[in-house]
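The structure appears right after this line, and notes come after that.
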Amino acid sequence: MSWYTLPGSVPWLTLSLVIPLAGALLVALTPGEVRRVVKQLGVLSAVITLVLVLAIIGGFQHGVGNLHLQFEETLRWIPSAGISYHLGVDGLSLFLLGLNALLFLIAIVIVDPLIPRLKQFILLLLILEAATAGILLSLDLVLFYVFWEAMLVPLYFLIGVWGEGQRVYAAFKFLIYTVIGSFAMLVAILAVTAINFSQTGQLSFDWTVLVQHPAAGIWHLPAGLGTIGIQQLLFIGFGLAFAIKMPIFPLHTWLPPAYTSSPIPVVIVFAGLVSKLGAYGFLRFNLALFPDAAHSLGGLLAVLATIGILYGAFMALVQTDLKRLVAYASMSHLGFIGLGIFAGNLLGIEGALIQMINHGVIIAALFLIVGMIERRAGTRDRGELRGLAATAPLFAALFLVVSLAALGLPGLNGFVGEFLIMLGAWASFIPMAVGAGIGVILAAWYVLRFYQGTTQEVPPQPATFGELRTADVGVLAPLLALMVLIGVTPAFFPAAVDATVKALPVLLR
Amino acid sequence: MTINLSGIGIDYGAILPELVVAGTAIVVLFLELFVPPDRRRWLAAVTVVGLLGALVATISLWGQNRSAFGDTVIADSLAAFFNVLLILITIATVAISPRYLEALDLDYGEYYILILGATAGMMLLAAATSLMTIFLGIELLSISLYVLSGFARTALRSQESALKYLLLGGFATGFLLYGMALIYGATGSTTLRGIAAFTTAASSNAGGNVLLLLGIGFLSVGLAFKASAAPFHMWTPDVYEGAPSIVTTFMSVATKSAAFAAIGRVFIATFPSISSRWYFPLALIAIFSLFIGNLVAITQDNLKRMLAYSGIAQAGYILLGVLPGTAQGFSATLFYVAAYSLMNFGAFAVVTAVAAGGEQTAELSHWRGLFYRRPFLATVMTIFMLSLAGIPPTVGFFAKLFVFQALVSAQIWAPLIVAVIMTIVSFYYYLRVVVIMLAAPDEAVVEKRRLGIPTSTVLGAAALATLVLGIFPAVVLDWATRAASLHF
């Protein structure tokens with residue numbers, strides 16, 4: 001599917017990390033008083049990054065490369081500890097990289113230039129972009145961990161300083177949850193390397209090395225408490241970090257306060273992208289490094305994912321705050337992604353990969369719409385909003401498209417992913433597929449009520465809700481285009497990721 | 001092997017760095033008589049020049065392995081590692097001293113003499129290969145620090161701090177000496193080489209020698225006191241809080257570093273054959289330090305006390321690297337010592353700079369909104385706090401990573417799990433400082449207090465090094481590995 005070949009001598013992936021950082025440096029050197037320049041620098045770096053990432057996506061060749069990895073870069077970093085700077089991109093990370101660049105561009109574009117400390121806000125967003133891109137590109141476990149932890153700091157400050165409501169509490173809760181997961185993963189990273197060292201004599205944190213020798217053996221618990229497989233133990237260590245980030249029920253309690261407190265530009269990347277990094281971690285590490293454990297623990301996680309679908313949907317039904325409503329809808333949709341991953345078959349995983357892109361596009365659009373409503377109407381309470389369509393028909397029309405995509409109407413993108421995931425789930429766990437089906441019905445309920453309740457009926461007099469401006473349409477347009485594009489060409493994405501997914505060790509067992 | 005013709009191996013070249021530092025102290029002592037009170041900054045300049053001379057002397061001994069004075073001191077790569085570290089700490093301390101001392105009206109020449117005396121003692125401790133020289137080094141550094149703790153003569157807290165340190169320190173020295181006597185009684189030697197030869201000899205049955213084990217136990221108490229590891233940490237919060245901030249800055253990093261040089265030489269190089277005997281008590285000390293340091297730090301409302309408890313916890317992490325008794329573990333310890341020195345010095349230096357700006361108290365409530373009043377200080381403080389918590393990309397992250405890696409390789413699980421859980425706990429109090437600095441201030445006025453070029457240079461360099469070493473740790477790690485490998 002490659003249209004052209006990019007010259008191999010250029011470190012494309014490093015460039016996609018360096019450009020946001022260079023932008024951050026330029027922003028840091030600009031005096032904070034010239035707000036227009038600060039914002040334009042931020043937008044400019046995000047645009048260049050997006051163009052570069054699109055070039056990488058276009059130059060990606062289907063089914064080529066060692067382990068289907070391309071644009072690989074390897075540099076010595078800390079050789080005595082077996083740590084290297086190793087980047088690469090494959091079917092798992094390719095489109096998420098594109099989503100990353102797109103969502104950060106949208107987030108920076110919609111930043112209100114009049115907010116206090118604009119310079120630091122843009123600076124942190126650009127650093128966050130580099131960190132999330134690094135997570136997607138790292139093929140060394142320590143490098144991955146560095147980016148994973150580095151992502152925390154900007155997010156923490158973005159919520160804690162610029163957030164609303166109980167922002168400090170929300171930021172702190174998010175931080176503590178995440179750190180607990182991270183350290184479980186850190187110990188598992190060290191253990192998986194030590195085990196590989198004792199088995200092969202090669203000290204390496206490199207994913208491409210570790211993926212070829214899955215850890216084996218069992219662990220005897222002290223005091224005769226029985227045994228547990230080492231793979232299962234390591235799976236749990238990694239899984240905890242990713243399950244908290246996604247989040248999987250019952251590790252989700254940090255999510256409602258964190259999403260609700262985040263400013264809209266932050267929540268777009270937070271819900272649209274960061275949550276998906278947990279799902280990506282499951283695919284990249286848990287399913288690839290511990291295939292046996294993925295089979296033995298997949299059933300349990302699929303149950304939790306299904307509970308998450310239903311729990312999120314029911315919670316979304318009873319919310320009156322639109323931001324909280326979308327937050328729970330996001331959690332419910334992420335349950336689908338989890339279900340597809342843990343179904344452990346080709347259909348489920350490909351469905352999950354597509355749904356990851358879809359979820360990013362749809363949730364970002366929904367949060368954008370919530371932000372537009374709040375800015376125009378001054379409230380985001382469902383009870384106080386009605387009849388917005390009367391004065392803003394274009395807004396209502398675009399909102400309708402997003403709503404239909406969110407509830408999974410065929411012809412739009414949400415349907416493609418959910419359908420594949422349900423097929424995959426049906427093949428592995430029939431009751432979970434049924435539960436997910438109920439989740440789809442509930443989604444139609446809360447999404448349509450959200451849409452109808454706010455846009456229909458007679459507006460309060462005088463109707464003051466303003467129509468969309470060109471800039472608002474411009475921000476929504478790429479997301480809407482993707483919804484339609486993925487909806488009408490459903491075969492495009494599976495074809496691109498097919499080779500990588502089929503090579504996943506979990507499918508070979 | 002190094003016993004030369006004169007019989008006891010007099011070799012002043014091997015202790016040249018220590019001699020230069022001690023010599024500078026004597027020069028400053030005389031200069032102090034002639035320098036008028038308003039020109040005391042010149043004493044700081046002379047001190048820095050002397051320390052740079054010691055740095056040159058250290059470099060001239062680079063790569064050597066020179067034992068002297070009848071096996072009582074050695075100039076090897078471990079000593080060089082600590083010499084460079086300690087000299088850099090002292091230079092940075094002296095550079096930021098004048099401003100603080102003038103602000104608090106403590107600007108006396110004796111300050112520099114005592115700092116140099118303490119540094120000479122620490123360097124000697126790092127080079128010591130005999131129980132006698134270990135004792136000499138510890139006494140030299142301790143007595144200087146007793147006086148320095150009480151340097152703010154008119155402040156009651158400072159006097160209390162000095163007296164407490166003196167009394168408890170005296171006790172610890174008693175333990176140390178008694179332990180040394182017992183070890184000598186058991187092995188018949190005071191040099192570490194002789195003791196090691198005794199313990200490794202198959203016939204000695206060192207593992208069952210009660211006299212020797214008791215001696216090692218008492219020696220550990222004395223060393224753990226200097227490293228302020230729990231449960232021998234009781235003095236730390238009070239002394240750190242009461243002593244002038246600049247003295248706390250110096251002693252919190254330099255004393256701990258020097259103590260770990262001695263711990264490494266004693267446990268890893270001298271008693272490797274009975275490591276199963278000292279593993280458990282040492283692991284217990286590490287676990288105690290992690291628990292007490294991290295849990296009590298949460299409840300502190302005074303930044304100096306909080307950093308004191310954080311220092312106790314950090315001693316626990318550093319000690320973890322000693323537990324495996326391997327080269328990998330000890331190089332992780334050395335890396336951690338260097339990282340700790342950098343970030344903890346930075347944190348206390350910020351406290352000092354804030355105190356020099358007129359805020360006499362280190363109560364956390366006074367730090368509210370510091371980001372808006374003094375953005376530079378708040379920014380570098382954030383970097384040091386993130387590093388102490390171990391968040392990448394800072395040097396503190398790799399320090400923890402390497403220690404944890406050594407523990408996993410040696411399959412030491414219980415202390416590792418404690419360390420991981422306590423690290424999560426530590427996030428709470430380190431980040432609380434950042435949150436407080438970020439909290440909306442009562443009045444948002446940017447204070448135009450000038451820090452002075454030396455202070456801002458030192459703070460900026462420390463913050464930059466924390467970040468740069470957090471991205472490229474390999475340089476220091478390789479150096480630490482070379483310094484650690486000599487013993488194996």
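Letters A, B, ... mark the chains of the structure tokens in the order given; residue numbers begin at 1 per chain; ligand numbers begin at 1, in order shown.
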Determine which residues of chain A sit within 8 Å of chain B, taking into account only C-alpha atoms, and present them as a tab-separated table (two decimals) with C-alpha atoms, in the first residue's frame.
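Contents of the output file result24.tsv:
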```tsv
chain	number	residue	atom	x	y	z
A	77	TRP	CA	22.50	4.45	24.87
A	78	ILE	CA	23.54	2.69	28.07
A	79	PRO	CA	25.31	-0.39	26.69
A	80	SER	CA	26.53	-1.71	30.05
A	146	VAL	CA	10.95	6.76	30.22
A	147	PHE	CA	8.39	8.16	27.78
A	149	GLU	CA	6.56	8.29	32.92
A	150	ALA	CA	7.56	11.50	31.17
A	161	VAL	CA	-2.86	24.25	37.05
A	168	VAL	CA	-5.59	19.47	42.32
A	176	ILE	CA	-1.13	8.16	42.20
A	179	VAL	CA	2.36	5.66	39.32
A	180	ILE	CA	1.22	2.48	41.04
A	183	PHE	CA	6.09	0.77	39.11
A	187	VAL	CA	9.59	-4.35	38.14
A	190	LEU	CA	13.46	-5.65	34.97
A	191	ALA	CA	12.29	-9.19	35.66
A	194	ALA	CA	16.70	-10.76	33.92
```
message = Give me the residues near Pro478 (chain A) as a ChimeraX atom specification, where near means some atom within 12 Å (using only C-alpha atoms) and where sequence neighbours in that chain fewer than 5 positions away do not count.
response = /A:99,102-103,105-106,361-362,364-365,472-473,483-485
Within 7 Å of region 418-431 of chain A, counting only C-alpha atoms, which residues qualify if same-chain residues fewer than 3 places away don't, as a short mmCIF file (atom, residue, chain, number, x, y, z; two decimals) with C-alpha atoms, in the first residue's frame?
```
data_model
loop_
_atom_site.label_atom_id
_atom_site.label_comp_id
_atom_site.auth_asym_id
_atom_site.auth_seq_id
_atom_site.Cartn_x
_atom_site.Cartn_y
_atom_site.Cartn_z
CA PHE A 336 -15.09 -2.55 23.39
CA LEU A 339 -12.93 -6.88 24.61
CA GLY A 340 -11.50 -7.05 21.10
CA ALA A 343 -10.78 -12.04 22.54
CA ASN A 345 -8.24 -13.67 17.71
CA LEU A 347 -10.94 -10.31 14.02
CA GLY A 348 -11.05 -9.02 17.56
CA GLY A 351 -11.36 -4.58 15.23
CA ALA A 352 -9.73 -3.20 18.36
CA GLN A 355 -11.77 1.04 17.07
CA GLY A 414 -17.93 3.42 14.76
CA PHE A 415 -19.78 0.54 13.18
CA VAL A 434 -24.07 -10.49 24.09
CA GLY A 435 -23.10 -8.06 26.84
#
```
message = Need the shell around region 450-452 of chain B: protein/DNA/RNA residues with any atom at most 12 Å away, counting only C-alpha atoms. Skip same-chain ones fewer than 5 positions apart. Format as a ChimeraX atom specification?
response = /B:95-100,103,349-350,352-358,374-377,457-460
inquiry  = Applying 9 Å and only C-alpha atoms, which residues near region 32-45 of chain B remain after dropping the ones on its own chain fewer than 2 positions away? List them as a list in words.
reply    =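 Surrounding residues, per the criterion: Val27, Val28, Leu29, Phe30, Thr47, Val48, Val49, Gly50, Val94, Ala95, Ser97, Pro98, Asp107, Tyr108, Gly109, Glu110 and Tyr112 of chain B.
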Please save C-alpha atoms of the selected residues as a tab-separated table (two decimals), in the first residue's frame.
```tsv
chain	number	residue	atom	x	y	z
B	27	VAL	CA	46.30	29.02	54.69
B	28	VAL	CA	42.76	30.34	55.19
B	29	LEU	CA	43.28	30.19	58.94
B	30	PHE	CA	46.22	32.60	58.64
B	47	THR	CA	38.99	28.21	49.40
B	48	VAL	CA	37.70	27.56	45.90
B	49	VAL	CA	41.21	27.90	44.45
B	50	GLY	CA	42.52	25.40	46.99
B	94	VAL	CA	31.39	27.62	49.11
B	95	ALA	CA	30.19	29.41	45.98
B	97	SER	CA	27.92	30.63	50.98
B	98	PRO	CA	28.93	34.35	51.14
B	107	ASP	CA	30.14	35.93	57.93
B	108	TYR	CA	33.16	34.65	59.86
B	109	GLY	CA	36.33	33.19	58.36
B	110	GLU	CA	36.19	30.10	60.56
B	112	TYR	CA	35.60	28.18	55.48
```
